[in-house]
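A short write-up of the structure that comes next.
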Amino acid sequence: MRATFPHLLHLDIVLGILYPTLGVEIVPPPPITSRTIEIGVEHAPQNACFPLKVTLGNFVEGIERGADTVFMAGGVGPCRFGYYGQIQKIILEDLGYDVQFVLIDHPRFGWRPFFQALKTMAGGRFSFPRVKKAVSLAWKALVFTEELETQRRALRCQVVNRAELDMVIDGALQSLRKVESGSEFERIKKEAWSDLSALERKKENNFLKVGIVGEIYIAQETRINFQVEKLLGDLGVYVHNSVSTAQYVLNTFPVLKSKEKLEAWELARPYLKRFVGGEGIDTVGSTIRYAQEGFDGVVHLYPFTCMPEIVAKSVLTQVSRDFDLPVLHLAIDEHAGEAGLVTRVEAFVDVLERRRKYWKKAEGE
Amino acid sequence: MELYLGVDVGSVTTKLVLMDKKKKIWASCYLKTSGDPVLALKEGLTYIEDHLPRGGEIVGVGTTGSARHLAGVVVGADIVKNEITAHAVAAITRVPEVRTVFEIGGQDSKLILIREGVVEDFAMNTICAAGTGSFLEHQAVRLNVPIEEFGKLALQAEQSVRIAGRCTVFAESDMIHKQQLGFAKPEIIKGLCESLVRNFMNNLATGKTIEDPIVFQGGVAANQGIVQAFRDFFQGKKKIVVPPEHGVMGAWGAAILAMEYAPQETAFQGFEVVNRVFENRSFTCGDCPNGCEVVFLKEEGVIKALWGSRCGKWTPETVGQKFAESKLEEKTDQRELSVS
Ligand code: SF4
Ligand code: SF4
């Protein structure tokens, strides 16, 4: 079995740690490029969600590299994520690719298929101690890659030399690809933290603060969202992203649950009570949390035509008014242009800056 | 006298404004970009130099518009700002109590909401042509009416005819249909104006509360037919102001921002810029499937600035090296350099 999978930020690093230990060969798709998007757009139904198209492109490029199996996580309705895997499976079949499609669905659709899929994904071996060890290291790696990106977002505005910051973080990510043991992992982690704290910082610390909310894929995948976080950082903004794959995974297991997510849902309750699919409620809840934490603004990233996020968007109009918190909505798909997006983001940062300058001053007087 | 220069280079038009410390405009021009922003800039600079008041000295430069970065390098800008901020700043200067800005230019349109002199929300349409000046120009050509006459003709109409205008293509075929039905030109033009206004409101203003006074600016604000169509849209209940400087508000805003920024020493390159040789070149990088189109600006043979390399591997230095090694440059023409 040679398995490929969709990209999602640094998922390839995490799976690269997990799989060799399980004895499954994986073929990571090449990095997402315009070609990936073109392939996805060409073969997917026109009105399919953008993340479906890009991940489909990943599969095709992974198969071109020699994969014979595709791993995909299934989602939960009521939005279209519920059908992602099925649709992609059919498309790949129609294209004539002879591959095994392993779809791991949410356990709420039954624990047996869930474990069955897990077992296939684990290369048939389910010997517990071994799997447990591999999973535990991969999990730590996932959390660590997210922490690294959290630091990148937070520090970009603060460090004197941004290229150095990227070097430290990209360097740590690179060394993670070769990690085999827990002790090695701890060493990389320690080194990265000490390198980061050694970076020279600017003197001022009164940065504008912007939070990112939105759909799990678009809000995280920098190769798709035009590196909005980097752009904001370069404009001197402190950025925090509320979306996390680790939290999503945690929340899949009823016993674990994600504290952050539950908290966001609680906050969203006055505005949105029903589950609307995807990250709709999280978007609303996280925006409120940012308002309470004194952030200057929120950037809402989502796929054009994404139903849960469109519901969230209309709710956010009210949230934005109630909390006096500017929200920039950025819908992204294959037609989104970089120039227009950059102009909007720049203008948004100007808005936040001028609000601080004029209004906060007026308040102080 | 200390003066500030504001430059707004868009894909369709290029605007320049010369302003003093009291934000008073001394000279301004409005030119077609015609696909060559550097040439348009040079023309504009020549005009400004000719109209420079005696003893006037440029102490700050701001650029805006879709080619703001390029313009910034060519002219030497102290501040490079996006169009939304520039337009808002100019509107607030002209009408301090402004609550809403409508800006319709050649290629895009914007809606800016303002509260107590600070931008509160904005929307920009860059995809749909049905709400922009290009749409009107296109239809004017179809109807064989000079664009300058367009607005006046619209005002002559006694009634209007509804042109379905969700998009340019539909509007066009519906217009032809209405022509065949025998509606007079003024009526059709009025219908087109109303259709553009409907598009603007649908695309940009859905879910937003429009308060007045509204400042209507951009090239299209010169069109009385559109102004009237906006008035009718609000049934005359909202105050709409078209400032005399409506065509150059972006450039004016850029000048004001340059003044606010107050550079110690301006980066302005001087009017000699018009004599320098600039080349706008590009090549398609083939190092990964992204196939970025890397654009760079050469001044007297030296690469001054570069855009479009997504991974950041191309900088003026690396491109310089690449070309030095391969001597590719001599062989290929302006637009079709290719690095393999
Ligand atoms: S969350 Fe949005 S993008 Fe994702 S499947 Fe649902 S509708 Fe599509
Ligand atoms: S510039 Fe970088 S991202 Fe763009 S095509 Fe070349 S290698 Fe790829």
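Each chain of the structure tokens is named A, B, ... in the order shown, its residues numbered from 1; ligands are numbered from 1 in display order.
Residue-level contacts from chain A to chain B at 7 Å, counting only C-alpha atoms, read Thr33, Ser34, Arg35, Gly340, Thr343, Glu346, Ala347, Asp350, Val351, Arg354 and Arg355 of chain A.
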Can I get the selection written as a JSON list (two decimals), in the first residue's frame, with C-alpha atoms?
[["chain", "number", "residue", "atom", "x", "y", "z"],
["A", 33, "THR", "CA", 0.56, 25.04, -6.51],
["A", 34, "SER", "CA", -1.57, 26.59, -9.23],
["A", 35, "ARG", "CA", -1.47, 23.23, -10.97],
["A", 340, "GLY", "CA", -7.88, 42.81, -4.58],
["A", 343, "THR", "CA", -5.83, 46.02, -1.07],
["A", 346, "GLU", "CA", -4.18, 46.89, 3.77],
["A", 347, "ALA", "CA", -7.27, 49.06, 3.96],
["A", 350, "ASP", "CA", -5.56, 51.30, 8.08],
["A", 351, "VAL", "CA", -9.08, 51.26, 9.51],
["A", 354, "ARG", "CA", -7.10, 55.10, 12.50],
["A", 355, "ARG", "CA", -9.70, 53.86, 14.93]]
Neighbour list for A:Leu232 as a ChimeraX atom specification, cut-off 12 Å, only C-alpha atoms, skip fewer than 5 positions in-chain: /A:152-157,207-212,226-227,237-241,297-299,341-350,352
Non-local contacts of B:Val215 (7 Å; only C-alpha atoms; under 4 positions in same chain excluded) as a PyMOL selection string: chain B and resi 91+98+100-102+240-242
Ligand 2 neighbours within 12 Å using only C-alpha atoms and all ligand atoms, as a VMD selection string: (chain A and resid 31 to 35 223) or (chain B and resid 282 to 295 306 to 315 318 to 319 338 to 340)
When distances are computed from only C-alpha atoms and all ligand atoms, which of A:Val60, A:Ile310, A:Ala122, A:Ala268 shows the smallest separation from ligand 1?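 Of the candidates, the smallest distance to ligand 1 is held by A:Ile310.
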Between A:Val70, A:Lys140, A:Lys133, A:Gln100, which one has atoms that come closest to A:Val14, using only C-alpha atoms?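 Using only C-alpha atoms, A:Val14 sits closest to A:Lys140.
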Counting only C-alpha atoms and all ligand atoms, the option among A:Met72, A:Gly277, A:Val102, A:Leu18 closest to ligand 1: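 Checking each of A:Met72, A:Gly277, A:Val102, A:Leu18 against ligand 1, counting only C-alpha atoms and all ligand atoms, the winner is A:Gly277.
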Protein and nucleic residues near ligand 1, 12 Å, only C-alpha atoms and all ligand atoms, as a PyMOL selection string: chain A and resi 47-55+73-85+87+214-219+275-283+301-312+331-333
I need the chosen residues saved as a short mmCIF file (atom, residue, chain, number, x, y, z; two decimals), in the first residue's frame, with C-alpha atoms.
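File again21.cif, as written:
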data_model
loop_
_atom_site.label_atom_id
_atom_site.label_comp_id
_atom_site.auth_asym_id
_atom_site.auth_seq_id
_atom_site.Cartn_x
_atom_site.Cartn_y
_atom_site.Cartn_z
CA ASN A 47 -20.35 24.27 -7.50
CA ALA A 48 -18.33 22.04 -5.19
CA CYS A 49 -16.62 23.71 -2.24
CA PHE A 50 -13.16 25.06 -2.92
CA PRO A 51 -11.42 22.85 -0.32
CA LEU A 52 -12.88 19.79 -2.07
CA LYS A 53 -11.32 20.95 -5.33
CA VAL A 54 -7.88 21.60 -3.89
CA THR A 55 -7.74 18.31 -1.98
CA ALA A 73 -11.29 12.27 6.57
CA GLY A 74 -15.02 12.47 6.24
CA GLY A 75 -16.94 15.31 7.78
CA VAL A 76 -20.22 15.91 9.41
CA GLY A 77 -23.23 17.40 7.69
CA PRO A 78 -25.46 19.30 7.39
CA CYS A 79 -23.14 21.07 4.97
CA ARG A 80 -21.40 19.49 2.04
CA PHE A 81 -18.41 18.26 4.01
CA GLY A 82 -20.54 15.22 4.74
CA TYR A 83 -20.21 14.14 1.10
CA TYR A 84 -16.64 15.19 0.35
CA GLY A 85 -15.08 11.76 0.44
CA ILE A 87 -17.77 12.68 -4.26
CA GLY A 214 -13.30 30.82 9.64
CA GLU A 215 -13.48 27.53 7.87
CA ILE A 216 -10.88 24.99 8.95
CA TYR A 217 -9.18 24.60 5.59
CA ILE A 218 -9.10 28.11 4.16
CA ALA A 219 -8.29 29.72 7.49
CA PHE A 275 -25.11 23.46 14.72
CA VAL A 276 -24.87 24.81 11.19
CA GLY A 277 -22.11 22.55 9.97
CA GLY A 278 -18.42 23.17 9.48
CA GLU A 279 -16.97 25.79 11.78
CA GLY A 280 -19.95 28.16 11.68
CA ILE A 281 -20.43 28.32 15.44
CA ASP A 282 -16.70 28.43 16.13
CA THR A 283 -16.40 31.43 13.83
CA LEU A 301 -11.64 33.53 5.97
CA TYR A 302 -13.93 31.09 4.23
CA PRO A 303 -14.58 29.37 0.91
CA PHE A 304 -16.88 31.27 -1.39
CA THR A 305 -20.36 29.59 -1.22
CA CYS A 306 -19.54 27.85 2.08
CA MET A 307 -22.92 27.51 3.76
CA PRO A 308 -21.96 27.40 7.45
CA GLU A 309 -19.66 30.38 7.04
CA ILE A 310 -22.28 32.38 5.17
CA VAL A 311 -24.62 31.82 8.09
CA ALA A 312 -21.81 32.85 10.41
CA ALA A 331 -14.23 34.70 0.58
CA ILE A 332 -11.71 32.62 -1.27
CA ASP A 333 -12.01 30.38 -4.28
#
List every residue of stretch 220-365 of chain A that DSSP, applied to the backbone, labels as helix (DSSP H, G or I), and write the result as an MDAnalysis selection string. chainID A and resid 228:234 245:252 259:268 280:292 307:323 338:364
d(atom CA of A:Leu196, atom CA of A:Val179) in Å: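 Distance between the two atoms: 19.9 Å.
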Give me the residues within 12 Å of A:Ser175 as a list in words, counting only C-alpha atoms and dropping any in the same chain fewer than 2 places off.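 Result of the neighbour search: Ile13, Gly16, Ile17, Ala141, Thr145, Met167, Val168, Ile169, Asp170, Gly171, Ala172, Leu173, Arg177, Lys178, Val179, Glu180, Glu184, Phe185, Glu186, Arg187, Ile188, Lys189, Glu191 and Ala192 of chain A.
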Tell me, in Å to one decimal, how far atom CA of A:His329 is from atom CA of A:Leu262.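 Atom CA of A:Leu262 lies 23.7 Å from atom CA of A:His329.
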Taking the DSSP assignment computed from this structure's backbone, write out as JSON, numbers by chain all residues of stretch 89-286 of chain A that belong to strand (DSSP E or B). {"A": [100, 101, 102, 103, 104, 159, 201, 208, 209, 210, 211, 212, 213, 214, 237, 238, 239, 240, 241]}
Save out the residues we just selected, all heavy atoms, as a short mmCIF file (atom, residue, chain, number, x, y, z; two decimals), in the first residue's frame.
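Now in again.cif:
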data_model
loop_
_atom_site.label_atom_id
_atom_site.label_comp_id
_atom_site.auth_asym_id
_atom_site.auth_seq_id
_atom_site.Cartn_x
_atom_site.Cartn_y
_atom_site.Cartn_z
N GLN A 100 -7.51 2.61 -4.02
CA GLN A 100 -8.36 2.31 -2.88
C GLN A 100 -8.61 3.63 -2.16
O GLN A 100 -7.69 4.40 -1.91
CB GLN A 100 -7.64 1.33 -1.97
CG GLN A 100 -8.55 0.70 -0.94
CD GLN A 100 -7.78 -0.01 0.14
OE1 GLN A 100 -6.55 -0.16 0.07
NE2 GLN A 100 -8.49 -0.44 1.17
N PHE A 101 -9.86 3.90 -1.83
CA PHE A 101 -10.19 5.16 -1.18
C PHE A 101 -10.63 4.84 0.26
O PHE A 101 -11.67 4.21 0.47
CB PHE A 101 -11.32 5.85 -1.94
CG PHE A 101 -11.43 7.31 -1.66
CD1 PHE A 101 -10.93 8.25 -2.56
CD2 PHE A 101 -12.03 7.77 -0.50
CE1 PHE A 101 -11.03 9.60 -2.31
CE2 PHE A 101 -12.13 9.13 -0.23
CZ PHE A 101 -11.63 10.05 -1.14
N VAL A 102 -9.81 5.23 1.21
CA VAL A 102 -10.16 4.93 2.60
C VAL A 102 -10.68 6.21 3.25
O VAL A 102 -9.96 7.19 3.38
CB VAL A 102 -8.95 4.40 3.39
CG1 VAL A 102 -9.39 3.97 4.77
CG2 VAL A 102 -8.29 3.28 2.64
N LEU A 103 -11.92 6.14 3.62
CA LEU A 103 -12.56 7.32 4.18
C LEU A 103 -12.79 7.09 5.66
O LEU A 103 -13.45 6.13 6.05
CB LEU A 103 -13.89 7.55 3.47
CG LEU A 103 -14.68 8.78 3.87
CD1 LEU A 103 -13.93 10.05 3.47
CD2 LEU A 103 -16.04 8.76 3.20
N ILE A 104 -12.22 7.96 6.48
CA ILE A 104 -12.46 7.79 7.90
C ILE A 104 -13.54 8.79 8.31
O ILE A 104 -13.38 9.99 8.20
CB ILE A 104 -11.18 7.94 8.73
CG1 ILE A 104 -11.48 7.69 10.20
CG2 ILE A 104 -10.50 9.28 8.55
CD1 ILE A 104 -10.28 7.23 10.98
N VAL A 159 9.64 40.97 15.72
CA VAL A 159 11.07 40.77 15.52
C VAL A 159 11.66 41.81 14.58
O VAL A 159 10.97 42.39 13.75
CB VAL A 159 11.38 39.36 14.95
CG1 VAL A 159 10.98 38.29 15.94
CG2 VAL A 159 10.71 39.16 13.61
N ARG A 201 14.10 41.63 19.33
CA ARG A 201 12.74 42.20 19.25
C ARG A 201 12.80 43.72 19.10
O ARG A 201 13.75 44.36 19.52
CB ARG A 201 11.94 41.89 20.53
CG ARG A 201 11.92 40.47 20.95
CD ARG A 201 10.97 39.66 20.10
NE ARG A 201 11.09 38.24 20.42
CZ ARG A 201 10.32 37.60 21.29
NH1 ARG A 201 9.38 38.25 21.92
NH2 ARG A 201 10.50 36.33 21.50
N LEU A 208 -1.16 46.43 16.76
CA LEU A 208 -2.56 46.13 16.50
C LEU A 208 -2.72 44.62 16.60
O LEU A 208 -1.81 43.88 16.23
CB LEU A 208 -2.93 46.56 15.09
CG LEU A 208 -3.07 48.05 14.81
CD1 LEU A 208 -3.25 48.28 13.32
CD2 LEU A 208 -4.25 48.63 15.57
N LYS A 209 -3.87 44.18 17.11
CA LYS A 209 -4.08 42.74 17.24
C LYS A 209 -5.27 42.29 16.39
O LYS A 209 -6.36 42.85 16.51
CB LYS A 209 -4.34 42.39 18.70
CG LYS A 209 -3.07 42.42 19.55
CD LYS A 209 -3.42 42.36 21.01
CE LYS A 209 -3.03 41.02 21.61
NZ LYS A 209 -3.39 40.95 23.04
N VAL A 210 -5.02 41.30 15.55
CA VAL A 210 -6.07 40.78 14.69
C VAL A 210 -6.21 39.28 14.90
O VAL A 210 -5.22 38.56 14.97
CB VAL A 210 -5.77 41.09 13.21
CG1 VAL A 210 -6.67 40.29 12.28
CG2 VAL A 210 -5.92 42.58 12.92
N GLY A 211 -7.45 38.82 15.00
CA GLY A 211 -7.72 37.40 15.14
C GLY A 211 -8.25 36.84 13.84
O GLY A 211 -8.94 37.53 13.09
N ILE A 212 -7.91 35.58 13.56
CA ILE A 212 -8.39 34.92 12.35
C ILE A 212 -9.46 33.90 12.74
O ILE A 212 -9.26 33.10 13.65
CB ILE A 212 -7.26 34.17 11.63
CG1 ILE A 212 -6.06 35.07 11.40
CG2 ILE A 212 -7.77 33.49 10.36
CD1 ILE A 212 -6.01 35.78 10.10
N VAL A 213 -10.60 33.95 12.06
CA VAL A 213 -11.65 32.96 12.27
C VAL A 213 -12.05 32.42 10.91
O VAL A 213 -11.74 33.02 9.89
CB VAL A 213 -12.89 33.56 12.97
CG1 VAL A 213 -12.53 34.14 14.33
CG2 VAL A 213 -13.55 34.63 12.10
N GLY A 214 -12.77 31.30 10.91
CA GLY A 214 -13.30 30.82 9.64
C GLY A 214 -13.26 29.33 9.46
O GLY A 214 -13.09 28.57 10.41
N VAL A 237 1.14 43.83 12.29
CA VAL A 237 0.01 43.39 13.11
C VAL A 237 0.34 42.08 13.84
O VAL A 237 0.92 41.17 13.26
CB VAL A 237 -1.24 43.19 12.22
CG1 VAL A 237 -2.40 42.65 13.04
CG2 VAL A 237 -1.61 44.49 11.54
N TYR A 238 -0.06 42.01 15.08
CA TYR A 238 0.03 40.78 15.87
C TYR A 238 -1.16 39.92 15.48
O TYR A 238 -2.30 40.36 15.56
CB TYR A 238 -0.01 41.14 17.36
CG TYR A 238 -0.12 39.98 18.31
CD1 TYR A 238 1.01 39.52 18.99
CD2 TYR A 238 -1.34 39.37 18.56
CE1 TYR A 238 0.92 38.46 19.87
CE2 TYR A 238 -1.44 38.31 19.44
CZ TYR A 238 -0.31 37.86 20.10
OH TYR A 238 -0.40 36.82 20.98
N VAL A 239 -0.89 38.69 15.06
CA VAL A 239 -1.97 37.84 14.55
C VAL A 239 -2.15 36.59 15.40
O VAL A 239 -1.17 35.98 15.85
CB VAL A 239 -1.67 37.41 13.09
CG1 VAL A 239 -2.81 36.58 12.53
CG2 VAL A 239 -1.42 38.62 12.21
N HIS A 240 -3.40 36.25 15.65
CA HIS A 240 -3.71 34.99 16.32
C HIS A 240 -4.75 34.27 15.48
O HIS A 240 -5.65 34.89 14.94
CB HIS A 240 -4.26 35.23 17.73
CG HIS A 240 -4.50 33.96 18.47
ND1 HIS A 240 -5.70 33.28 18.40
CD2 HIS A 240 -3.70 33.23 19.27
CE1 HIS A 240 -5.62 32.18 19.14
NE2 HIS A 240 -4.41 32.12 19.68
N ASN A 241 -4.60 32.95 15.33
CA ASN A 241 -5.57 32.18 14.55
C ASN A 241 -6.33 31.25 15.48
O ASN A 241 -5.74 30.49 16.25
CB ASN A 241 -4.82 31.38 13.48
CG ASN A 241 -5.76 30.83 12.42
OD1 ASN A 241 -6.93 30.56 12.69
ND2 ASN A 241 -5.25 30.69 11.21
#
Go through B:Asp212, B:Ala171, B:Leu192, B:Ile176 one by one, measure the shortest atom-to-atom distance of each to B:Arg115 using only C-alpha atoms, and give the residue with the smallest value.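 Under the stated criterion, the closest residue is B:Asp212.
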For atom CA of B:Lys239 and atom CA of B:Cys193, quote the distance in Å rounded to one decimal. 18.7 Å
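Counting only C-alpha atoms, B:Glu2 has the following residues at most 7 Å away, ignoring those fewer than 4 positions along the same chain: Asp20, Lys21, Gly56, Glu57, Ile58 and Val59 of chain B.
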Next, write the just-selected residues to a file, as a short mmCIF file (atom, residue, chain, number, x, y, z; two decimals), in the first residue's frame, keeping N, CA and C atoms as the atom set.
data_model
loop_
_atom_site.label_atom_id
_atom_site.label_comp_id
_atom_site.auth_asym_id
_atom_site.auth_seq_id
_atom_site.Cartn_x
_atom_site.Cartn_y
_atom_site.Cartn_z
N ASP B 20 -0.97 72.03 -1.54
CA ASP B 20 -0.14 72.73 -0.56
C ASP B 20 -0.49 72.28 0.86
N LYS B 21 0.13 72.93 1.85
CA LYS B 21 -0.04 72.50 3.24
C LYS B 21 -1.47 72.65 3.73
N GLY B 56 7.68 76.85 -5.79
CA GLY B 56 7.09 75.64 -5.22
C GLY B 56 8.11 74.51 -5.14
N GLU B 57 8.03 73.77 -4.02
CA GLU B 57 8.98 72.67 -3.87
C GLU B 57 8.23 71.45 -3.34
N ILE B 58 8.49 70.32 -3.94
CA ILE B 58 7.78 69.11 -3.51
C ILE B 58 8.50 68.50 -2.31
N VAL B 59 7.78 68.39 -1.18
CA VAL B 59 8.41 67.89 0.04
C VAL B 59 7.85 66.54 0.48
#
So that I can see what lies close to B:Gln217, please list as a ChimeraX atom specification the residues with an atom at most 12 Å from it, counting only C-alpha atoms and leaving out residues fewer than 4 positions away in the same chain. /B:87-88,90-91,94-95,100-106,109-112,133,221-223,226-227,240-250,252
Write out as number ranges by chain each polymer residue whose atoms come within 8 Å of B:Ser160, counting only C-alpha atoms; drop sequence neighbours fewer than 5 positions from it. B: 187-188, 190-191
